[in-house]
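With compact mmCIF, C-alpha atoms inside, this is work-v2.txt:
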```txt
# COMPACT_ATOMS: atom_id res chain seq x y z
CA MET A 1468 0.00 0.00 0.00
CA PRO A 1469 1.49 3.44 -0.99
CA THR A 1470 2.75 5.48 1.94
CA LYS A 1471 0.93 8.58 0.81
CA VAL A 1472 -2.45 6.82 0.91
CA LYS A 1473 -1.88 6.04 4.57
CA SER A 1474 -0.96 9.68 5.19
CA ASN A 1475 -3.82 11.10 3.14
CA ILE A 1476 -6.76 9.46 4.87
CA PHE A 1477 -5.70 9.16 8.55
CA ILE A 1478 -8.73 11.03 9.83
CA LEU A 1479 -11.50 9.92 7.53
CA SER A 1480 -14.98 9.35 8.98
CA ALA A 1481 -16.21 5.95 10.29
CA THR A 1482 -17.30 5.09 6.83
CA LEU A 1483 -13.93 6.35 5.64
CA LEU A 1484 -12.03 4.07 8.06
CA SER A 1485 -10.02 1.31 6.52
CA VAL A 1486 -6.50 0.15 6.53
CA PHE A 1487 -5.53 3.72 5.69
CA LEU A 1488 -6.51 5.21 9.16
CA VAL A 1489 -3.00 6.38 9.91
CA ALA A 1490 -2.65 9.96 8.81
CA ALA A 1491 -4.85 12.30 6.76
CA CYS A 1492 -3.78 15.46 8.35
CA SER A 1493 -0.68 16.74 6.59
CA PRO A 1494 -0.24 20.53 6.34
CA LEU A 1495 -2.51 21.89 3.66
CA ASP A 1496 -0.92 25.18 2.80
CA ALA A 1497 0.44 23.99 -0.53
CA ALA A 1498 0.37 26.52 -3.30
CA THR A 1499 -2.22 24.50 -5.19
CA GLN A 1500 -4.70 24.38 -2.32
CA LEU A 1501 -8.08 26.03 -2.85
CA GLN A 1502 -9.87 27.85 -0.06
CA PRO A 1503 -13.53 28.89 -0.30
CA THR A 1504 -14.27 32.58 0.16
CA ASN A 1505 -17.72 34.08 -0.56
CA PRO A 1506 -20.83 31.95 -1.08
CA PRO A 1507 -22.05 32.19 -4.69
CA SER A 1508 -25.66 32.74 -5.63
CA ALA A 1509 -27.61 30.53 -8.00
CA SER A 1510 -27.58 31.51 -11.65
CA SER A 1511 -27.20 29.97 -15.08
CA THR A 1512 -24.87 32.42 -16.78
CA ALA A 1513 -21.31 31.73 -15.53
CA ALA A 1514 -19.06 29.51 -17.62
CA ALA A 1515 -16.84 26.74 -16.31
CA GLU A 1516 -13.32 27.90 -15.52
CA PRO A 1517 -10.07 25.98 -16.06
CA ALA A 1518 -7.69 24.94 -13.30
CA ASP A 1519 -5.36 27.91 -13.69
CA GLU A 1520 -8.22 30.35 -13.04
CA VAL A 1521 -9.94 28.69 -10.12
CA ALA A 1522 -7.68 30.24 -7.48
CA ASN A 1523 -8.92 33.71 -8.51
CA THR A 1524 -12.61 32.80 -8.52
CA PRO A 1525 -14.94 33.75 -5.64
CA LEU A 1526 -15.73 30.58 -3.73
CA PRO A 1527 -17.96 29.73 -0.76
CA GLU A 1528 -17.14 31.31 2.60
CA PRO A 1529 -15.50 28.83 4.98
CA THR A 1530 -17.05 27.72 8.23
CA THR A 1531 -16.48 30.33 10.91
CA THR A 1532 -14.70 29.32 14.08
CA LYS A 1533 -15.08 31.03 17.44
CA THR A 1534 -12.34 31.45 19.98
CA ASP A 1535 -13.43 34.24 22.32
CA THR A 1536 -16.42 32.76 24.17
CA PRO A 1537 -16.37 32.36 27.96
CA VAL A 1538 -15.88 29.04 29.74
CA PRO A 1539 -19.04 27.29 30.97
CA ASP A 1540 -20.87 28.37 34.10
CA PRO A 1541 -19.89 25.91 36.87
CA THR A 1542 -23.51 25.89 38.04
CA ASP A 1543 -24.58 24.00 34.91
CA LYS A 1544 -26.32 20.66 35.41
CA PRO A 1545 -24.46 17.32 35.34
CA ILE A 1546 -24.12 15.64 31.96
CA SER A 1547 -24.59 11.95 31.20
CA MET A 1548 -24.12 10.83 27.60
CA ILE A 1549 -23.50 7.59 25.68
CA ASP A 1550 -20.37 7.76 23.51
CA GLY A 1551 -19.36 5.97 20.32
CA LEU A 1552 -18.25 2.90 22.26
CA ASP A 1553 -21.65 2.62 23.97
CA ARG A 1554 -20.09 3.79 27.23
CA GLN A 1555 -22.00 6.08 29.56
CA VAL A 1556 -19.83 9.11 30.23
CA PHE A 1557 -20.59 11.41 33.16
CA LEU A 1558 -19.48 14.99 33.79
CA PRO A 1559 -20.54 16.82 36.96
CA VAL A 1560 -20.42 20.10 34.99
CA PRO A 1561 -19.50 20.97 31.39
CA ALA A 1562 -15.80 20.42 30.79
CA GLU A 1563 -13.61 23.50 31.19
CA LYS A 1564 -10.35 21.82 30.13
CA VAL A 1565 -10.44 19.58 27.06
CA VAL A 1566 -7.77 17.57 25.25
CA SER A 1567 -8.61 16.68 21.64
CA LEU A 1568 -7.25 13.49 20.09
CA ALA A 1569 -8.34 14.16 16.49
CA PRO A 1570 -8.29 17.07 14.03
CA SER A 1571 -12.03 16.76 13.40
CA ASN A 1572 -12.71 17.06 17.13
CA THR A 1573 -10.47 20.12 17.39
CA GLU A 1574 -12.31 21.80 14.54
CA ILE A 1575 -15.67 21.04 16.15
CA LEU A 1576 -14.56 22.37 19.54
CA PHE A 1577 -13.47 25.68 18.06
CA ALA A 1578 -16.51 25.94 15.80
CA VAL A 1579 -19.02 25.58 18.65
CA GLY A 1580 -17.24 28.20 20.74
CA ALA A 1581 -15.17 25.98 23.04
CA GLY A 1582 -11.79 26.91 21.59
CA ASP A 1583 -10.67 28.64 24.79
CA GLN A 1584 -11.33 25.42 26.71
CA VAL A 1585 -9.01 23.28 24.57
CA ILE A 1586 -5.73 22.78 26.45
CA GLY A 1587 -4.11 20.12 24.25
CA ARG A 1588 -4.42 18.71 20.76
CA ASP A 1589 -3.11 15.87 18.65
CA GLU A 1590 -0.12 16.42 16.38
CA PHE A 1591 -2.22 16.79 13.23
CA SER A 1592 -4.75 19.36 14.46
CA ASP A 1593 -3.85 22.37 12.33
CA TYR A 1594 -7.20 24.14 11.92
CA PRO A 1595 -8.08 26.74 12.97
CA VAL A 1596 -4.64 28.31 13.17
CA GLU A 1597 -5.18 29.05 16.86
CA ALA A 1598 -4.97 25.32 17.50
CA LEU A 1599 -1.30 25.33 16.53
CA ASP A 1600 -0.55 27.37 19.66
CA LEU A 1601 -1.77 24.54 21.89
CA PRO A 1602 0.58 21.88 23.28
CA SER A 1603 0.70 18.70 21.19
CA ILE A 1604 0.13 15.36 22.91
CA GLY A 1605 1.38 13.35 19.91
CA GLY A 1606 -0.81 11.13 17.83
CA GLY A 1607 1.51 10.52 14.90
CA PHE A 1608 0.57 7.08 13.60
CA GLY A 1609 -1.63 6.58 16.65
CA ASP A 1610 1.14 7.12 19.23
CA TYR A 1611 -0.08 9.48 21.98
CA ASN A 1612 1.92 10.76 24.93
CA LEU A 1613 -0.27 9.56 27.81
CA GLU A 1614 1.98 11.19 30.41
CA ALA A 1615 1.62 14.56 28.71
CA ILE A 1616 -2.16 14.18 28.63
CA VAL A 1617 -2.30 13.37 32.34
CA GLU A 1618 -0.07 16.34 33.20
CA LEU A 1619 -2.54 18.68 31.48
CA GLU A 1620 -5.21 17.55 33.98
CA PRO A 1621 -8.12 17.71 31.52
CA ASP A 1622 -11.75 17.48 32.60
CA LEU A 1623 -12.45 15.71 29.32
CA VAL A 1624 -10.45 13.86 26.67
CA LEU A 1625 -12.36 13.95 23.38
CA ALA A 1626 -11.49 10.91 21.25
CA ALA A 1627 -12.61 9.89 17.75
CA GLU A 1628 -12.84 6.67 15.80
CA ILE A 1629 -9.22 6.97 14.79
CA ASN A 1630 -8.59 6.09 18.45
CA THR A 1631 -8.83 2.43 19.34
CA PRO A 1632 -10.92 1.07 22.23
CA GLU A 1633 -7.61 0.05 23.82
CA GLN A 1634 -6.40 3.65 23.78
CA VAL A 1635 -9.66 4.85 25.31
CA LYS A 1636 -9.37 2.22 28.04
CA ALA A 1637 -5.75 3.13 28.76
CA LEU A 1638 -6.71 6.77 29.25
CA SER A 1639 -9.73 5.85 31.36
CA ASP A 1640 -7.57 3.60 33.53
CA LEU A 1641 -5.43 6.65 34.28
CA GLY A 1642 -8.45 8.29 35.84
CA LEU A 1643 -9.35 10.50 32.88
CA THR A 1644 -12.87 11.09 31.57
CA VAL A 1645 -12.86 10.06 27.91
CA PHE A 1646 -15.68 10.52 25.40
CA LEU A 1647 -15.33 8.90 21.97
CA LEU A 1648 -17.21 10.87 19.33
CA ALA A 1649 -18.41 8.47 16.64
CA ASN A 1650 -17.71 9.54 13.08
CA PRO A 1651 -20.87 10.62 11.23
CA THR A 1652 -22.06 8.92 8.06
CA SER A 1653 -24.19 11.85 6.91
CA LEU A 1654 -24.37 15.61 7.30
CA ASP A 1655 -27.31 15.19 9.67
CA GLU A 1656 -25.17 13.02 11.94
CA MET A 1657 -22.43 15.62 11.76
CA TYR A 1658 -24.87 18.26 13.07
CA THR A 1659 -25.73 15.89 15.92
CA ASN A 1660 -22.04 15.59 16.78
CA LEU A 1661 -21.79 19.37 17.01
CA LEU A 1662 -24.57 19.38 19.57
CA LYS A 1663 -22.98 16.56 21.58
CA VAL A 1664 -19.64 18.35 21.84
CA ALA A 1665 -21.43 21.59 22.66
CA GLU A 1666 -23.35 19.95 25.49
CA LEU A 1667 -20.16 18.43 26.89
CA THR A 1668 -18.51 21.86 26.92
CA GLY A 1669 -21.43 24.15 27.75
CA HIS A 1670 -22.04 25.72 24.35
CA LEU A 1671 -25.33 24.22 23.23
CA GLU A 1672 -26.89 27.51 22.18
CA GLU A 1673 -23.93 28.38 19.95
CA ALA A 1674 -23.93 24.91 18.39
CA GLU A 1675 -27.63 25.07 17.61
CA ALA A 1676 -27.08 28.36 15.81
CA LEU A 1677 -24.10 26.92 13.93
CA ALA A 1678 -26.02 23.80 12.87
CA SER A 1679 -28.89 25.95 11.63
CA THR A 1680 -26.50 28.09 9.57
CA LEU A 1681 -24.83 25.01 8.07
CA GLN A 1682 -28.19 23.52 7.17
CA ASP A 1683 -29.19 26.76 5.44
CA ARG A 1684 -25.98 26.70 3.41
CA VAL A 1685 -26.57 23.11 2.36
CA ALA A 1686 -30.12 24.00 1.33
CA VAL A 1687 -28.74 26.72 -0.97
CA VAL A 1688 -26.46 24.18 -2.65
CA ASP A 1689 -29.26 21.64 -2.97
CA GLU A 1690 -31.55 24.19 -4.59
CA ALA A 1691 -28.90 25.35 -7.06
CA VAL A 1692 -27.79 21.84 -7.99
CA GLY A 1693 -31.41 20.84 -8.47
CA SER A 1694 -31.45 22.87 -11.68
CA ALA A 1695 -28.30 21.28 -13.13
CA GLN A 1696 -28.66 19.88 -16.62
CA GLU A 1697 -26.05 17.15 -16.16
CA MET A 1698 -24.07 15.28 -13.53
CA PRO A 1699 -20.47 15.34 -14.77
CA MET A 1700 -18.35 12.22 -14.34
CA THR A 1701 -15.81 13.05 -11.64
CA PHE A 1702 -12.51 11.44 -10.62
CA TYR A 1703 -11.21 12.24 -7.13
CA GLU A 1704 -7.52 11.43 -6.79
CA LEU A 1705 -6.16 10.53 -3.36
CA ASP A 1706 -2.67 9.33 -4.24
CA ALA A 1707 -0.83 9.05 -7.53
CA THR A 1708 2.37 7.46 -6.27
CA ASP A 1709 1.74 5.13 -9.22
CA PRO A 1710 0.28 7.47 -11.86
CA SER A 1711 -0.82 4.49 -13.94
CA ALA A 1712 -2.97 3.27 -11.03
CA PRO A 1713 -3.90 6.13 -8.66
CA TRP A 1714 -5.95 5.67 -5.51
CA THR A 1715 -9.47 7.05 -5.29
CA ALA A 1716 -12.55 6.96 -3.04
CA GLY A 1717 -15.50 4.72 -3.70
CA ALA A 1718 -18.99 4.26 -2.28
CA GLY A 1719 -19.48 4.64 1.45
CA THR A 1720 -17.11 7.60 1.80
CA PHE A 1721 -17.94 11.24 2.42
CA ILE A 1722 -16.04 12.03 -0.78
CA ASP A 1723 -18.53 9.95 -2.77
CA THR A 1724 -21.51 11.30 -0.83
CA LEU A 1725 -20.53 14.95 -1.26
CA ILE A 1726 -19.68 14.59 -4.97
CA THR A 1727 -23.15 13.16 -5.52
CA GLN A 1728 -24.86 15.87 -3.45
CA ALA A 1729 -22.86 18.51 -5.34
CA GLY A 1730 -24.31 17.26 -8.61
CA GLY A 1731 -21.60 14.95 -9.91
CA GLN A 1732 -21.02 11.25 -10.52
CA ASN A 1733 -18.04 9.64 -8.85
CA ILE A 1734 -16.54 7.33 -11.46
CA ALA A 1735 -15.66 4.80 -8.75
CA SER A 1736 -19.02 4.76 -6.96
CA ASP A 1737 -20.07 1.43 -8.47
CA LEU A 1738 -16.82 -0.38 -7.69
CA GLU A 1739 -16.06 -2.54 -4.67
CA GLY A 1740 -14.21 -0.93 -1.79
CA GLN A 1741 -14.18 2.45 -0.10
CA TYR A 1742 -10.63 3.07 -1.27
CA LEU A 1743 -9.23 1.48 -4.38
CA GLN A 1744 -6.74 1.82 -7.19
CA LEU A 1745 -7.97 2.48 -10.71
CA GLN A 1746 -5.83 1.46 -13.63
CA ILE A 1747 -5.42 4.15 -16.26
CA GLU A 1748 -7.17 1.86 -18.75
CA GLU A 1749 -10.26 1.86 -16.51
CA ILE A 1750 -10.08 5.63 -16.06
CA LEU A 1751 -9.94 6.06 -19.82
CA VAL A 1752 -13.04 3.91 -20.24
CA ARG A 1753 -14.94 5.89 -17.61
CA ASP A 1754 -13.57 9.16 -19.06
CA PRO A 1755 -14.06 11.70 -16.25
CA GLN A 1756 -15.10 15.19 -17.27
CA ILE A 1757 -13.65 16.63 -14.06
CA ILE A 1758 -10.58 15.61 -12.06
CA LEU A 1759 -10.15 16.73 -8.45
CA LEU A 1760 -6.66 16.46 -6.95
CA GLY A 1761 -7.10 15.57 -3.30
CA ASP A 1762 -3.35 14.93 -3.25
CA ALA A 1763 -2.54 18.55 -4.15
CA ALA A 1764 -0.91 19.04 -0.74
CA TYR A 1765 1.78 16.59 -1.88
CA GLY A 1766 2.77 18.66 -4.88
CA ILE A 1767 0.43 17.17 -7.49
CA THR A 1768 -0.73 19.90 -9.88
CA PRO A 1769 -2.98 20.06 -12.94
CA GLU A 1770 0.17 20.61 -14.99
CA SER A 1771 1.91 17.52 -13.66
CA LEU A 1772 -1.17 15.42 -14.31
CA GLN A 1773 -1.35 16.62 -17.90
CA GLU A 1774 2.18 15.30 -18.42
CA ARG A 1775 1.32 11.74 -17.37
CA SER A 1776 1.57 9.09 -20.01
CA GLY A 1777 -1.84 7.98 -21.27
CA TRP A 1778 -3.84 10.76 -19.63
CA SER A 1779 -3.94 13.29 -22.47
CA ASN A 1780 -7.11 11.95 -24.11
CA LEU A 1781 -9.30 12.22 -21.01
CA SER A 1782 -12.14 14.72 -21.36
CA ALA A 1783 -11.08 16.50 -18.17
CA VAL A 1784 -7.58 16.97 -19.56
CA VAL A 1785 -8.74 18.06 -23.00
CA GLU A 1786 -11.19 20.57 -21.48
CA ASN A 1787 -8.69 21.66 -18.78
CA ARG A 1788 -11.05 20.84 -15.92
CA ILE A 1789 -8.48 19.63 -13.40
CA TYR A 1790 -8.64 21.25 -9.99
CA ALA A 1791 -6.45 21.15 -6.89
CA PHE A 1792 -8.60 20.39 -3.87
CA ASP A 1793 -8.16 20.70 -0.09
CA ASP A 1794 -8.78 17.11 0.97
CA ASN A 1795 -9.43 18.07 4.59
CA LEU A 1796 -12.73 19.61 3.49
CA VAL A 1797 -14.10 16.16 2.68
CA SER A 1798 -12.05 13.87 4.93
CA ARG A 1799 -12.42 15.49 8.35
CA PRO A 1800 -15.90 14.75 9.72
CA GLY A 1801 -16.62 18.20 11.09
CA PRO A 1802 -18.37 21.44 10.09
CA ARG A 1803 -16.02 22.09 7.17
CA LEU A 1804 -17.74 19.27 5.30
CA VAL A 1805 -20.22 21.96 4.31
CA ASP A 1806 -17.34 24.07 2.95
CA GLY A 1807 -16.33 21.02 0.93
CA LEU A 1808 -19.83 20.56 -0.44
CA GLU A 1809 -20.04 24.20 -1.50
CA LEU A 1810 -16.68 24.09 -3.23
CA LEU A 1811 -17.49 20.82 -4.99
CA ALA A 1812 -20.78 22.23 -6.24
CA TYR A 1813 -19.01 25.30 -7.59
CA LEU A 1814 -16.30 23.31 -9.37
CA LEU A 1815 -18.75 20.80 -10.83
CA HIS A 1816 -21.37 23.41 -11.79
CA PRO A 1817 -19.81 26.88 -12.17
CA GLU A 1818 -22.67 27.74 -14.51
CA LEU A 1819 -25.04 27.72 -11.52
CA PHE A 1820 -23.15 30.28 -9.48
CA THR A 1821 -22.18 33.94 -9.89
CA ASP A 1822 -20.30 36.39 -7.72
```

This entry written out as structure tokens:
Amino acid sequence: MPTKVKSNIFILSATLLSVFLVAACSPLDAATQLQPTNPPSASSTAAAEPADEVANTPLPEPTTTKTDTPVPDPTDKPISMIDGLDRQVFLPVPAEKVVSLAPSNTEILFAVGAGDQVIGRDEFSDYPVEALDLPSIGGGFGDYNLEAIVELEPDLVLAAEINTPEQVKALSDLGLTVFLLANPTSLDEMYTNLLKVAELTGHLEEAEALASTLQDRVAVVDEAVGSAQEMPMTFYELDATDPSAPWTAGAGTFIDTLITQAGGQNIASDLEGQYLQLQIEEILVRDPQIILLGDAAYGITPESLQERSGWSNLSAVVENRIYAFDDNLVSRPGPRLVDGLELLAYLLHPELFTD
């Protein structure tokens, strides 16, 4: 299995989990990375834009994170909640000091207004930028520094499905309160996760407002995509260590789900396996109209793809519809999944959106 595949999908959702669980959180500030900016409005006049123009095109506004909200009131009621391992977790009051073991959890904590309560984060938590100022407790390839976690004296350790039951038990045996947040399999389940984390940290009102805003944004995409005249065949590249047989995402992944909701057809959706290699011969037969480079953070560019042997006759190459893509927007099961949906919809259907 290529090393980059393992790196690229470390933090995928429960449906994204596979033998590749070990690291999807590499820095994403590569020059080819796309970041959404302003949400477009529905229209039918804009023309599709090639890869070299996308970076200058107005894109959806990213999910807002909050870092300046107060810590919970200690008079709040006790909390009892079942976690992703079917364990009943009890907190006498909302947690004031939280250690996050996964990038998706860190993003959720900041997004619901609990950023000031996060006192430690895993090595790969790099969003929002404020998270980088927090002490790291490890997590590279699943190796956490338990001693460092204990020394932080957290009220709550927020785990995810990238953490094994054995790791949760080890932390619990040290006297720590651990809650494992199950990865969502749909956007609705992601909203529910926001509310769970908010309740655990005393920010339920903020999370309800955030979930409502995210739902409204998704509704805008759904309405716009509903008028699309076609569903372009789309190839999402995860790893092209072997350019003649790159890795992609199949059915049962958020990548597949969001491509479909954004009005496209994932060329690998009917194949067996959540993650699989496609031979160039198969890609040629399926002939994607759009190629999304989820491996852009590793230096893959539209230009380098165009130089690959055997790729020049693909419709996406001929029409110059190859786009670098921030993979974290579709691989981290948190609020930025909505950012990913908006960006996918724009890239697949630029004709439906204007400034």

Of the listed residues A:Asp1589, A:Glu1563, A:Glu1666, A:Asp1762, that which approaches Ser1798 in chain A most closely, counting only C-alpha atoms: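 Closest candidate: A:Asp1762.
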
So, counting only C-alpha atoms, which residue among A:Ala1674, A:Glu1770, A:Glu1574, A:Glu1656 is closest to Leu1796 in chain A?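 Selected residue with least distance to Leu1796 in chain A: A:Glu1574.
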
Exercise: range 1614-1617 of chain A partners within 8 Å, all atoms listed in the file, chain neighbours under 2 positions left out, as an NGL selection string: :A and (1566 or 1587 or 1604 or 1612 or 1619-1621 or 1641 or 1643)

Hey, can you check how far CA of Asn1572 in chain A sits from CA of Gly1731 in chain A?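 A separation of 28.5 Å between them.
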
Counting all atoms listed in the file, what are the residues of range 1570-1608 of chain A within 12 Å of range 1667-1672 of chain A, and for each of them which pair of atoms is the nearest and at what distance in Å, to one decimal? Sort the table by chain and rising number, as a Markdown table.
```
| residue | atom | partner | partner_atom | distance |
| --- | --- | --- | --- | --- |
| A:Ile1575 | CA | A:Thr1668 | CA | 11.2 |
| A:Leu1576 | CA | A:Thr1668 | CA | 8.4 |
| A:Phe1577 | CA | A:His1670 | CA | 10.6 |
| A:Ala1578 | CA | A:His1670 | CA | 10.2 |
| A:Val1579 | CA | A:His1670 | CA | 6.5 |
| A:Gly1580 | CA | A:His1670 | CA | 6.5 |
| A:Ala1581 | CA | A:Thr1668 | CA | 6.6 |
| A:Gly1582 | CA | A:Thr1668 | CA | 10.0 |
| A:Asp1583 | CA | A:Thr1668 | CA | 10.6 |
| A:Gln1584 | CA | A:Thr1668 | CA | 8.0 |
| A:Val1585 | CA | A:Thr1668 | CA | 9.9 |
```

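Note that the spacing between CA of Val1645 in chain A and CA of Leu1625 in chain A amounts to 6.0 Å.
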
Contacts of Pro1713 in chain A at 10 Å or less, counting only C-alpha atoms, minus same-chain residues fewer than 2 places along, as a PyMOL selection string? chain A and resi 1469+1472+1703-1711+1715+1743-1747+1750
